[in-house]
file protein-v8.txt (compact mmCIF, C-alpha atoms and all ligand atoms)
# COMPACT_ATOMS: atom_id res chain seq x y z
CA MET R 1110 7.55 -9.95 27.25
CA ARG R 1111 4.06 -10.85 26.09
CA ILE R 1112 3.56 -9.03 22.81
CA GLY R 1113 0.47 -8.65 20.64
CA MET R 1114 0.71 -8.19 16.89
CA LEU R 1115 -1.83 -7.19 14.23
CA THR R 1116 -1.97 -6.28 10.55
CA GLY R 1117 -4.53 -3.64 9.52
CA GLY R 1118 -5.82 -1.95 6.37
CA GLY R 1119 -5.34 -3.33 2.88
CA ASP R 1120 -3.04 -6.37 2.82
CA CYS R 1121 0.22 -6.23 0.93
CA PRO R 1122 3.02 -8.59 -0.08
CA GLY R 1123 5.64 -8.77 2.68
CA LEU R 1124 3.36 -8.71 5.75
CA ASN R 1125 4.19 -12.33 6.56
CA ALA R 1126 7.91 -11.61 6.26
CA VAL R 1127 7.55 -8.91 8.96
CA ILE R 1128 5.57 -11.24 11.25
CA ARG R 1129 8.17 -14.00 10.81
CA ALA R 1130 11.11 -11.71 11.57
CA VAL R 1131 9.44 -10.27 14.70
CA VAL R 1132 8.52 -13.69 16.09
CA ARG R 1133 11.85 -15.36 15.31
CA LYS R 1134 14.01 -12.64 16.80
CA GLY R 1135 11.57 -12.07 19.67
CA GLU R 1136 11.47 -15.72 20.72
CA GLU R 1137 15.13 -16.55 20.15
CA HIS R 1138 16.85 -13.37 21.23
CA TYR R 1139 14.52 -11.81 23.81
CA GLY R 1140 12.51 -14.82 25.05
CA ASP R 1141 9.18 -13.16 24.10
CA GLN R 1142 5.75 -14.73 23.76
CA PHE R 1143 3.37 -13.59 21.03
CA VAL R 1144 -0.37 -13.26 20.62
CA GLY R 1145 -1.71 -12.76 17.08
CA PHE R 1146 -4.79 -10.54 16.87
CA MET R 1147 -6.99 -11.53 13.93
CA ASP R 1148 -8.28 -9.15 11.25
CA GLY R 1149 -6.62 -5.92 12.32
CA TRP R 1150 -8.24 -3.83 15.04
CA ARG R 1151 -11.36 -6.04 14.83
CA GLY R 1152 -9.45 -8.83 16.59
CA VAL R 1153 -8.45 -6.50 19.41
CA VAL R 1154 -11.95 -5.07 19.79
CA ASP R 1155 -13.55 -8.55 19.86
CA ASN R 1156 -10.66 -10.42 21.52
CA ILE R 1157 -10.10 -12.84 18.65
CA THR R 1158 -6.58 -14.26 18.68
CA MET R 1159 -4.41 -16.96 17.19
CA PRO R 1160 -1.27 -18.58 18.57
CA LEU R 1161 1.86 -17.09 17.05
CA ASP R 1162 5.21 -18.82 17.44
CA TRP R 1163 8.27 -19.88 15.47
CA GLU R 1164 6.54 -23.01 14.16
CA ARG R 1165 3.53 -21.05 12.85
CA CYS R 1166 5.92 -18.71 11.05
CA ARG R 1167 7.74 -21.48 9.20
CA ASP R 1168 7.73 -21.12 5.36
CA ILE R 1169 5.73 -17.90 5.27
CA ILE R 1170 8.39 -15.50 3.97
CA SER R 1171 7.35 -16.07 0.36
CA LEU R 1172 3.62 -16.06 1.13
CA GLY R 1173 1.48 -13.07 0.06
CA GLY R 1174 -1.36 -11.70 2.22
CA THR R 1175 -1.20 -11.97 6.00
CA ILE R 1176 -1.61 -15.03 8.20
CA LEU R 1177 -3.21 -12.71 10.79
CA GLY R 1178 -5.94 -11.51 8.45
CA THR R 1179 -6.81 -7.84 8.15
CA SER R 1180 -9.72 -5.38 8.08
CA ARG R 1181 -10.40 -1.67 7.92
CA THR R 1182 -12.03 -1.65 11.38
CA ASN R 1183 -11.57 1.60 13.29
CA PRO R 1184 -12.14 1.20 17.08
CA TYR R 1185 -12.71 4.95 17.37
CA LYS R 1186 -15.74 4.62 15.06
CA LEU R 1187 -17.35 1.82 17.09
CA GLU R 1188 -19.54 2.29 20.15
CA GLY R 1189 -17.32 1.45 23.13
CA GLY R 1190 -14.57 0.36 20.71
CA VAL R 1191 -11.64 1.82 22.63
CA ASP R 1192 -12.83 0.40 25.96
CA LYS R 1193 -13.08 -3.01 24.35
CA VAL R 1194 -9.52 -2.69 23.00
CA LEU R 1195 -8.22 -1.84 26.48
CA ALA R 1196 -10.18 -4.74 28.05
CA THR R 1197 -8.78 -7.22 25.51
CA LEU R 1198 -5.19 -6.07 26.05
CA LYS R 1199 -5.67 -6.50 29.80
CA ASP R 1200 -7.31 -9.90 29.40
CA GLN R 1201 -4.47 -11.12 27.14
CA GLN R 1202 -1.84 -9.58 29.47
CA ILE R 1203 -0.30 -7.71 26.56
CA GLU R 1204 2.73 -5.60 27.50
CA ALA R 1205 3.44 -4.26 24.03
CA LEU R 1206 1.59 -4.11 20.72
CA ILE R 1207 3.23 -4.23 17.28
CA THR R 1208 0.87 -2.75 14.71
CA ILE R 1209 1.64 -3.24 11.04
CA GLY R 1210 -0.34 -0.94 8.78
CA GLY R 1211 -0.73 2.25 6.82
CA ASP R 1212 -1.70 5.71 8.00
CA ASP R 1213 -5.14 4.58 9.26
CA THR R 1214 -3.92 1.62 11.35
CA LEU R 1215 -0.96 3.55 12.71
CA GLY R 1216 -3.19 6.56 13.41
CA VAL R 1217 -5.27 4.38 15.75
CA ALA R 1218 -2.06 3.06 17.37
CA ASN R 1219 -0.87 6.62 17.88
CA LYS R 1220 -4.13 7.60 19.62
CA LEU R 1221 -3.97 4.52 21.86
CA MET R 1222 -0.61 5.71 23.23
CA ALA R 1223 -2.58 8.33 25.14
CA GLU R 1224 -4.53 5.47 26.79
CA GLY R 1225 -1.27 4.00 28.05
CA VAL R 1226 -0.86 1.31 25.38
CA GLN R 1227 2.80 0.58 24.54
CA VAL R 1228 2.90 0.59 20.76
CA VAL R 1229 5.47 0.17 18.00
CA GLY R 1230 4.41 0.72 14.38
CA VAL R 1231 5.56 -0.87 11.13
CA PRO R 1232 4.64 0.95 7.89
CA LYS R 1233 2.84 -1.03 5.22
CA THR R 1234 1.19 -0.01 1.99
CA ILE R 1235 1.60 -0.85 -1.66
CA ASP R 1236 0.83 2.83 -2.29
CA ASN R 1237 4.23 3.94 -0.85
CA ASP R 1238 2.55 7.09 0.46
CA LEU R 1239 3.96 7.48 4.00
CA SER R 1240 6.24 10.48 4.27
CA ALA R 1241 8.44 9.23 7.12
CA THR R 1242 9.90 6.32 5.20
CA GLU R 1243 11.62 6.35 1.84
CA VAL R 1244 9.83 3.20 0.78
CA THR R 1245 7.24 0.74 2.10
CA PHE R 1246 7.38 -3.00 1.42
CA GLY R 1247 4.75 -4.19 -1.05
CA PHE R 1248 5.32 -1.21 -3.34
CA HIS R 1249 8.13 -2.88 -5.28
CA THR R 1250 6.00 -6.00 -5.82
CA ALA R 1251 2.98 -3.97 -6.94
CA VAL R 1252 5.09 -1.99 -9.42
CA GLN R 1253 6.53 -5.22 -10.82
CA VAL R 1254 3.06 -6.76 -11.22
CA ALA R 1255 1.80 -3.61 -12.96
CA THR R 1256 4.87 -3.39 -15.22
CA ASP R 1257 4.50 -7.05 -16.26
CA ALA R 1258 0.84 -6.35 -17.05
CA ILE R 1259 1.71 -3.28 -19.15
CA ASP R 1260 4.28 -5.32 -21.13
CA ARG R 1261 1.59 -7.89 -21.85
CA LEU R 1262 -1.01 -5.28 -22.77
CA ARG R 1263 1.44 -3.73 -25.22
CA THR R 1264 1.85 -6.87 -27.33
CA THR R 1265 -1.87 -7.48 -27.65
CA ALA R 1266 -2.49 -3.76 -28.29
CA GLU R 1267 0.10 -3.84 -31.07
CA SER R 1268 -1.51 -6.85 -32.70
CA HIS R 1269 -4.88 -5.10 -32.83
CA SER R 1270 -3.74 -1.49 -33.27
CA ARG R 1271 -5.61 -0.51 -30.12
CA VAL R 1272 -5.11 1.85 -27.25
CA MET R 1273 -5.05 0.09 -23.87
CA VAL R 1274 -5.88 1.96 -20.68
CA CYS R 1275 -4.36 0.21 -17.68
CA GLU R 1276 -5.75 1.23 -14.28
CA VAL R 1277 -3.52 0.68 -11.26
CA MET R 1278 -4.05 1.29 -7.53
CA GLY R 1279 -3.25 4.58 -5.84
CA ARG R 1280 -5.92 6.50 -4.03
CA HIS R 1281 -4.16 9.77 -3.21
CA ALA R 1282 -0.63 9.02 -4.38
CA GLY R 1283 0.38 8.04 -7.90
CA TRP R 1284 3.60 6.17 -7.10
CA ILE R 1285 2.53 2.84 -8.61
CA SER R 1286 1.19 4.60 -11.68
CA VAL R 1287 4.25 6.74 -12.28
CA TYR R 1288 6.79 3.96 -11.62
CA SER R 1289 5.04 1.26 -13.64
CA GLY R 1290 4.17 3.78 -16.36
CA ILE R 1291 7.80 4.81 -16.75
CA ALA R 1292 9.04 1.21 -16.55
CA GLY R 1293 6.41 0.05 -19.05
CA GLY R 1294 6.97 2.91 -21.52
CA ALA R 1295 3.42 4.30 -21.26
CA VAL R 1296 2.26 6.93 -23.74
CA ASP R 1297 0.75 8.91 -20.84
CA ILE R 1298 0.66 8.49 -17.07
CA LEU R 1299 -2.15 9.91 -14.94
CA ILE R 1300 -1.84 10.37 -11.19
CA PRO R 1301 -4.10 11.76 -8.43
CA GLU R 1302 -1.67 14.60 -7.74
CA GLU R 1303 -2.04 16.08 -11.26
CA PRO R 1304 -5.61 16.56 -12.55
CA PHE R 1305 -5.54 15.49 -16.18
CA ASP R 1306 -6.76 16.96 -19.43
CA VAL R 1307 -8.34 14.39 -21.77
CA ALA R 1308 -7.40 16.48 -24.81
CA SER R 1309 -3.73 16.31 -23.87
CA VAL R 1310 -3.88 12.51 -23.33
CA CYS R 1311 -5.44 12.18 -26.79
CA GLU R 1312 -2.72 14.40 -28.30
CA ASN R 1313 -0.07 12.08 -26.86
CA VAL R 1314 -1.86 9.02 -28.24
CA LYS R 1315 -2.17 10.62 -31.67
CA ALA R 1316 1.48 11.73 -31.60
CA LEU R 1317 2.56 8.13 -30.97
CA VAL R 1318 0.35 6.76 -33.72
CA SER R 1319 1.62 9.42 -36.15
CA LYS R 1320 5.17 8.18 -35.55
CA GLY R 1321 4.12 4.89 -37.07
CA ARG R 1322 3.44 2.99 -33.85
CA HIS R 1323 0.08 1.30 -33.56
CA ALA R 1324 -0.12 0.55 -29.86
CA ALA R 1325 -0.38 2.92 -26.97
CA VAL R 1326 -0.71 2.06 -23.30
CA VAL R 1327 -2.07 4.78 -21.00
CA VAL R 1328 -1.52 4.12 -17.28
CA VAL R 1329 -4.01 5.72 -14.89
CA ALA R 1330 -4.10 5.62 -11.10
CA GLU R 1331 -7.53 4.76 -9.71
CA GLY R 1332 -7.56 8.09 -7.83
CA ALA R 1333 -6.66 10.24 -10.85
CA THR R 1334 -9.25 12.88 -11.63
CA PRO R 1335 -10.04 14.85 -14.74
CA GLY R 1336 -9.34 18.56 -14.54
CA GLU R 1337 -12.06 21.16 -14.97
CA GLY R 1338 -13.82 21.02 -18.30
CA SER R 1339 -13.12 17.29 -18.88
CA PHE R 1340 -15.73 14.81 -17.63
CA SER R 1341 -17.21 14.14 -14.18
CA VAL R 1342 -16.62 11.11 -11.96
CA ALA R 1343 -19.32 9.76 -9.64
CA SER R 1344 -18.35 9.17 -5.98
CA SER R 1345 -19.21 5.93 -4.16
CA GLU R 1346 -19.41 4.36 -0.67
CA VAL R 1347 -16.82 5.04 2.07
CA ASP R 1348 -15.17 2.79 4.70
CA GLN R 1349 -14.73 3.43 8.47
CA PHE R 1350 -11.75 5.67 7.81
CA GLY R 1351 -13.77 7.71 5.29
CA HIS R 1352 -12.05 6.39 2.15
CA VAL R 1353 -14.08 6.13 -1.02
CA ARG R 1354 -14.01 2.74 -2.77
CA LEU R 1355 -12.37 3.52 -6.10
CA GLY R 1356 -12.02 1.72 -9.40
CA GLY R 1357 -13.35 2.50 -12.83
CA ILE R 1358 -11.80 5.79 -13.97
CA ALA R 1359 -10.16 3.80 -16.81
CA ASN R 1360 -13.58 3.00 -18.33
CA LEU R 1361 -14.57 6.65 -18.47
CA LEU R 1362 -11.18 7.64 -19.85
CA ALA R 1363 -11.23 4.93 -22.53
CA THR R 1364 -14.62 6.10 -23.80
CA GLU R 1365 -13.27 9.64 -24.11
CA ILE R 1366 -10.04 8.54 -25.85
CA GLU R 1367 -11.95 6.46 -28.40
CA ARG R 1368 -14.41 9.31 -29.01
CA HIS R 1369 -11.65 11.90 -29.56
CA THR R 1370 -9.11 9.80 -31.50
CA GLY R 1371 -11.29 7.33 -33.34
CA ILE R 1372 -8.95 4.53 -32.23
CA GLU R 1373 -10.44 1.47 -30.57
CA THR R 1374 -9.63 1.70 -26.88
CA ARG R 1375 -9.83 -1.12 -24.34
CA VAL R 1376 -9.41 -1.27 -20.58
CA ALA R 1377 -7.59 -3.45 -18.04
CA ILE R 1378 -8.21 -2.72 -14.36
CA LEU R 1379 -5.51 -4.52 -12.38
CA GLY R 1380 -7.14 -3.99 -8.98
CA HIS R 1381 -6.23 -6.47 -6.26
CA VAL R 1382 -3.94 -8.49 -8.53
CA GLN R 1383 -1.36 -5.88 -7.50
CA ARG R 1384 -1.79 -6.71 -3.83
CA GLY R 1385 -1.80 -10.49 -4.09
CA GLY R 1386 0.87 -13.11 -4.54
CA SER R 1387 4.45 -13.55 -3.54
CA PRO R 1388 6.58 -10.53 -2.55
CA THR R 1389 9.66 -9.70 -4.60
CA ALA R 1390 13.03 -10.46 -3.01
CA PHE R 1391 13.46 -6.72 -2.37
CA ASP R 1392 10.19 -6.56 -0.41
CA ARG R 1393 11.00 -9.72 1.58
CA VAL R 1394 14.29 -8.22 2.70
CA LEU R 1395 12.80 -4.79 3.47
CA ALA R 1396 9.95 -6.39 5.43
CA THR R 1397 12.43 -8.53 7.37
CA ARG R 1398 14.48 -5.44 8.24
CA PHE R 1399 11.34 -3.66 9.46
CA GLY R 1400 10.38 -6.69 11.57
CA ILE R 1401 13.79 -6.84 13.22
CA GLY R 1402 13.67 -3.08 13.77
CA ALA R 1403 10.24 -3.34 15.41
CA ILE R 1404 11.12 -6.05 17.92
CA ASP R 1405 14.35 -4.23 18.76
CA ALA R 1406 12.29 -1.04 19.33
CA VAL R 1407 10.02 -2.90 21.78
CA HIS R 1408 13.07 -3.85 23.86
CA ASN R 1409 15.04 -0.64 23.49
CA ASP R 1410 12.82 2.31 24.43
CA GLY R 1411 11.06 2.50 21.10
CA PHE R 1412 7.43 2.80 22.23
CA GLY R 1413 5.50 5.44 20.35
CA THR R 1414 7.66 5.09 17.27
CA MET R 1415 7.36 3.62 13.80
CA VAL R 1416 10.29 1.93 12.10
CA ALA R 1417 11.27 3.47 8.78
CA ILE R 1418 14.05 3.33 6.23
CA GLN R 1419 16.10 6.41 5.47
CA ALA R 1420 19.36 6.36 3.51
CA ASP R 1421 19.22 2.55 3.59
CA THR R 1422 19.27 2.54 7.40
CA ILE R 1423 16.43 1.41 9.68
CA VAL R 1424 15.46 4.34 11.90
CA ARG R 1425 12.61 5.16 14.29
CA VAL R 1426 10.28 8.11 13.85
CA PRO R 1427 7.63 9.30 16.33
CA LEU R 1428 4.27 7.78 15.39
CA ASN R 1429 2.52 11.15 15.36
CA GLU R 1430 4.99 12.47 12.78
CA ALA R 1431 4.86 9.26 10.78
CA VAL R 1432 1.17 9.55 10.03
CA SER R 1433 0.81 13.30 9.73
CA GLN R 1434 2.02 13.86 6.16
CA PRO R 1435 1.21 11.73 3.12
CA LYS R 1436 4.05 11.28 0.64
CA LEU R 1437 2.84 12.35 -2.79
CA VAL R 1438 4.58 12.27 -6.15
CA PRO R 1439 6.41 15.63 -6.35
CA HIS R 1440 5.32 17.88 -9.20
CA GLU R 1441 8.97 18.23 -10.33
CA PHE R 1442 9.43 14.45 -10.56
CA TYR R 1443 6.30 14.13 -12.70
CA GLU R 1444 7.31 17.05 -14.91
CA GLU R 1445 10.99 16.19 -15.27
CA VAL R 1446 11.08 12.39 -15.31
CA ALA R 1447 7.68 11.15 -16.45
CA LYS R 1448 6.28 13.80 -18.80
CA PRO R 1449 9.19 14.15 -21.25
CA LEU R 1450 8.63 10.52 -22.26
CA PHE R 1451 4.91 10.85 -23.04
CA GLY R 1452 3.70 10.56 -26.63
O1 LIG M 1501 -4.20 1.53 0.45
C1 LIG M 1501 -3.87 0.48 -0.36
C2 LIG M 1501 -4.94 0.23 -1.40
O2 LIG M 1501 -4.53 -0.86 -2.18
C3 LIG M 1501 -5.28 1.43 -2.30
O3 LIG M 1501 -4.38 1.61 -3.35
C4 LIG M 1501 -6.66 1.08 -2.75
O4 LIG M 1501 -7.41 2.23 -3.09
C5 LIG M 1501 -7.25 0.44 -1.55
O5 LIG M 1501 -6.17 -0.10 -0.81
C6 LIG M 1501 -8.27 -0.63 -1.87
O6 LIG M 1501 -8.75 -1.14 -0.69
P1 LIG M 1501 -9.76 -2.36 -0.54
O7 LIG M 1501 -8.97 -3.62 -0.69
O8 LIG M 1501 -10.30 -2.22 0.83
O9 LIG M 1501 -10.77 -2.22 -1.63
call {"tool": "encode", "arguments": {"input": "protein-v8.txt", "output": "structure tokens", "more": "lines below"}}
Ligand code: F6P
result
Amino acid sequence: MRIGMLTGGGDCPGLNAVIRAVVRKGEEHYGDQFVGFMDGWRGVVDNITMPLDWERCRDIISLGGTILGTSRTNPYKLEGGVDKVLATLKDQQIEALITIGGDDTLGVANKLMAEGVQVVGVPKTIDNDLSATEVTFGFHTAVQVATDAIDRLRTTAESHSRVMVCEVMGRHAGWISVYSGIAGGAVDILIPEEPFDVASVCENVKALVSKGRHAAVVVVAEGATPGEGSFSVASSEVDQFGHVRLGGIANLLATEIERHTGIETRVAILGHVQRGGSPTAFDRVLATRFGIGAIDAVHNDGFGTMVAIQADTIVRVPLNEAVSQPKLVPHEFYEEVAKPLFG
């Protein structure tokens, strides 16, 4: 078959491992040919491609980012965007399209099914916020990067008797925050799912200091918001999928902590450091399993599905179900596993 492939949305470690697995198994086992669409849906809209074969995929399993490039282009938000997508697929004689992305990219793929496009989806996001799969590749790497950063912040915080506020990614879901916060022994962990109370964060900081410790690391997800009565957060510009560009809650929080506790408080915003660099071994293997699952789905009646992992088994879920529900940190998990360790 002649198969197109694209990566959309924010990049994440492990994308190249998926691409490699798809191409290797596709060429060797099924005799497929591949066309790489550049920069997510933008490449399909504008018919920008790159050759994609076994040779191009050599030595990329350990490489972060995506050799295909990515963007947050939404064809449904562009004048004539969908018609252009269909024209490109015809021009390139594409029989199936493997789309690797998060809820936005897969949402577009799902809609294109109605236009007769044969699609298979692969979930991707460091945020780990897709309900249909127990885990997404990239998450493990991001948590490790954040945990390493917290460990480093702790030693410098101890030297100076400071509070450090470490901001991690996570727009709607606080998985990176809660995992790295637990792993890094944070004094408090703030997530988008649970509006926070500054007074309570300060109590936890003071409780730690009163026990004779002089360093406290607070981990905050970029999408965490103060509850009523705390302070207000300004909104900023949105992308084609309507997502606000976040980053900076840590600065506001640090000012408040310093004001209420009198302890010098500094900030580290990890930002895209969490998305860059080499995937962990776990993510390379998970991504490879997803890639194999995707090319098998193309050849075994899997159109309209997304590959997922459930109970350590690669399964297929209908695309429309895969993107309908975000996976958020459950209140019970936060209350029972994270909170008892605060302070
Ligand atoms: O969705 C993944 C993610 O890393 C979010 O955690 C973050 O809010 C967003 O992407 C940042 O996107 P961009 O790279 O477009 O600024």
call {"tool": "residues_near_ligand", "arguments": {"input": "protein-v8.txt", "ligand": "ligand LIG 1501 (chain M)", "cutoff": "10 Å", "atoms": "all atoms listed in the file", "output": "CSV table (one decimal) with C-alpha atoms, keeping the file's coordinate frame"}}
result
chain,number,residue,atom,x,y,z
R,1118,GLY,CA,-5.8,-2.0,6.4
R,1119,GLY,CA,-5.3,-3.3,2.9
R,1120,ASP,CA,-3.0,-6.4,2.8
R,1121,CYS,CA,0.2,-6.2,0.9
R,1179,THR,CA,-6.8,-7.8,8.2
R,1180,SER,CA,-9.7,-5.4,8.1
R,1181,ARG,CA,-10.4,-1.7,7.9
R,1210,GLY,CA,-0.3,-0.9,8.8
R,1211,GLY,CA,-0.7,2.2,6.8
R,1212,ASP,CA,-1.7,5.7,8.0
R,1213,ASP,CA,-5.1,4.6,9.3
R,1233,LYS,CA,2.8,-1.0,5.2
R,1234,THR,CA,1.2,0.0,2.0
R,1235,ILE,CA,1.6,-0.8,-1.7
R,1236,ASP,CA,0.8,2.8,-2.3
R,1237,ASN,CA,4.2,3.9,-0.8
R,1238,ASP,CA,2.6,7.1,0.5
R,1247,GLY,CA,4.8,-4.2,-1.0
R,1248,PHE,CA,5.3,-1.2,-3.3
R,1251,ALA,CA,3.0,-4.0,-6.9
R,1277,VAL,CA,-3.5,0.7,-11.3
R,1278,MET,CA,-4.0,1.3,-7.5
R,1279,GLY,CA,-3.2,4.6,-5.8
R,1280,ARG,CA,-5.9,6.5,-4.0
R,1281,HIS,CA,-4.2,9.8,-3.2
R,1282,ALA,CA,-0.6,9.0,-4.4
R,1283,GLY,CA,0.4,8.0,-7.9
R,1284,TRP,CA,3.6,6.2,-7.1
R,1285,ILE,CA,2.5,2.8,-8.6
R,1330,ALA,CA,-4.1,5.6,-11.1
R,1331,GLU,CA,-7.5,4.8,-9.7
R,1332,GLY,CA,-7.6,8.1,-7.8
R,1347,VAL,CA,-16.8,5.0,2.1
R,1348,ASP,CA,-15.2,2.8,4.7
R,1352,HIS,CA,-12.0,6.4,2.2
R,1353,VAL,CA,-14.1,6.1,-1.0
R,1354,ARG,CA,-14.0,2.7,-2.8
R,1355,LEU,CA,-12.4,3.5,-6.1
R,1356,GLY,CA,-12.0,1.7,-9.4
R,1380,GLY,CA,-7.1,-4.0,-9.0
R,1381,HIS,CA,-6.2,-6.5,-6.3
R,1382,VAL,CA,-3.9,-8.5,-8.5
R,1383,GLN,CA,-1.4,-5.9,-7.5
R,1384,ARG,CA,-1.8,-6.7,-3.8
call {"tool": "closest_atom_pairs", "arguments": {"input": "protein-v8.txt", "of": "region 1375-1451 of chain R", "to": "region 1293-1315 of chain R", "cutoff": "8 Å", "atoms": "all atoms listed in the file", "output": "tab-separated table"}}
result
residue	atom	partner	partner_atom	distance
R:Leu1437	CA	R:Glu1302	CA	7.1
R:Val1438	CA	R:Glu1302	CA	6.9
R:His1440	CA	R:Glu1303	CA	7.9
R:Ala1447	CA	R:Ile1298	CA	7.5
R:Lys1448	CA	R:Asp1297	CA	7.7
R:Leu1450	CA	R:Val1296	CA	7.5
R:Phe1451	CA	R:Val1296	CA	4.8
call {"tool": "residues_near_point", "arguments": {"input": "protein-v8.txt", "point": "(-0.3, 2.9, 28.2)", "cutoff": "10 Å", "atoms": "all atoms listed in the file", "output": "VMD selection string"}}
result
chain R and resid 1195 1204 to 1205 1221 to 1228 1412
call {"tool": "closest_atom_pairs", "arguments": {"input": "protein-v8.txt", "of": "region 1344-1440 of chain R", "to": "region 1256-1276 of chain R", "cutoff": "6 Å", "atoms": "all atoms listed in the file", "output": "tab-separated table"}}
result
residue	atom	partner	partner_atom	distance
R:Ala1359	CA	R:Glu1276	CA	5.7
R:Glu1373	CA	R:Arg1271	CA	5.2
R:Thr1374	CA	R:Val1272	CA	4.5
R:Arg1375	CA	R:Met1273	CA	5.0
R:Val1376	CA	R:Val1274	CA	4.8
R:Ala1377	CA	R:Cys1275	CA	4.9
R:Ile1378	CA	R:Glu1276	CA	4.7
call {"tool": "atom_distance", "arguments": {"input": "protein-v8.txt", "atom1": "CA of Leu1172 (chain R)", "atom2": "CA of Leu1395 (chain R)"}}
result
14.7 Å
call {"tool": "closest_residue", "arguments": {"input": "protein-v8.txt", "among": "R:Ala1292, R:Cys1166, R:Val1153, R:Ala1420", "to": "Lys1193 (chain R)", "atoms": "only C-alpha atoms"}}
result
R:Val1153
call {"tool": "axis_aligned_box", "arguments": {"input": "protein-v8.txt", "around": "region 1193-1208 of chain R", "padding_each_side": "8 Å", "output": "JSON"}}
result
{"center_x": -4.8, "center_y": -6.5, "center_z": 22.3, "size_x": 32.5, "size_y": 25.3, "size_z": 31.1}
call {"tool": "residues_around", "arguments": {"input": "protein-v8.txt", "residues": "Leu1206 (chain R)", "least_positions_apart": "4", "cutoff": "10 Å", "atoms": "all atoms listed in the file", "output": "MDAnalysis selection string"}}
result
chainID R and resid 1111:1115 1143:1146 1198 1218 1226:1230 1407 1412
call {"tool": "closest_residue", "arguments": {"input": "protein-v8.txt", "among": "R:Val1424, R:Leu1239, R:Ile1366, R:Ile1128", "to": "Gly1411 (chain R)", "atoms": "only C-alpha atoms"}}
result
R:Val1424
call {"tool": "atom_distance", "arguments": {"input": "protein-v8.txt", "atom1": "CA of Glu1136 (chain R)", "atom2": "CA of Thr1242 (chain R)"}}
result
27.0 Å
call {"tool": "atom_distance", "arguments": {"input": "protein-v8.txt", "atom1": "CA of Arg1425 (chain R)", "atom2": "CA of Thr1214 (chain R)"}}
result
17.2 Å
call {"tool": "closest_residue", "arguments": {"input": "protein-v8.txt", "among": "R:Asp1392, R:Glu1365, R:Glu1188, R:Glu1243", "to": "Ile1418 (chain R)", "atoms": "all atoms listed in the file"}}
result
R:Glu1243
call {"tool": "decode", "arguments": {"input": "protein-v8.txt", "residues": "region 1235-1247 of chain R", "atoms": "N, CA and C atoms", "output": "short mmCIF file (atom, residue, chain, number, x, y, z; two decimals), in the first residue's frame"}}
result
data_model
loop_
_atom_site.label_atom_id
_atom_site.label_comp_id
_atom_site.auth_asym_id
_atom_site.auth_seq_id
_atom_site.Cartn_x
_atom_site.Cartn_y
_atom_site.Cartn_z
N ILE R 1235 2.92 14.32 25.91
CA ILE R 1235 3.63 14.20 27.19
C ILE R 1235 2.65 14.37 28.34
N ASP R 1236 1.49 14.95 28.06
CA ASP R 1236 0.52 15.23 29.13
C ASP R 1236 -0.19 13.98 29.66
N ASN R 1237 -0.14 12.88 28.88
CA ASN R 1237 -0.77 11.61 29.30
C ASN R 1237 -2.26 11.77 29.55
N ASP R 1238 -2.94 12.60 28.75
CA ASP R 1238 -4.32 12.95 29.10
C ASP R 1238 -5.37 12.37 28.14
N LEU R 1239 -5.04 11.24 27.47
CA LEU R 1239 -6.05 10.60 26.61
C LEU R 1239 -6.66 9.42 27.35
N SER R 1240 -7.97 9.43 27.44
CA SER R 1240 -8.65 8.44 28.30
C SER R 1240 -8.56 7.01 27.79
N ALA R 1241 -8.44 6.85 26.46
CA ALA R 1241 -8.53 5.49 25.91
C ALA R 1241 -7.27 4.67 26.11
N THR R 1242 -6.20 5.30 26.49
CA THR R 1242 -4.96 4.54 26.67
C THR R 1242 -4.42 4.77 28.08
N GLU R 1243 -3.87 3.71 28.66
CA GLU R 1243 -3.38 3.84 30.04
C GLU R 1243 -2.21 4.80 30.13
N VAL R 1244 -1.43 4.86 29.06
CA VAL R 1244 -0.27 5.75 29.08
C VAL R 1244 0.08 6.15 27.65
N THR R 1245 0.64 7.35 27.49
CA THR R 1245 1.13 7.78 26.18
C THR R 1245 2.65 7.88 26.26
N PHE R 1246 3.34 7.58 25.14
CA PHE R 1246 4.80 7.71 25.16
C PHE R 1246 5.14 9.20 25.24
N GLY R 1247 6.27 9.49 25.84
CA GLY R 1247 6.68 10.89 26.05
C GLY R 1247 6.42 11.31 27.50
#
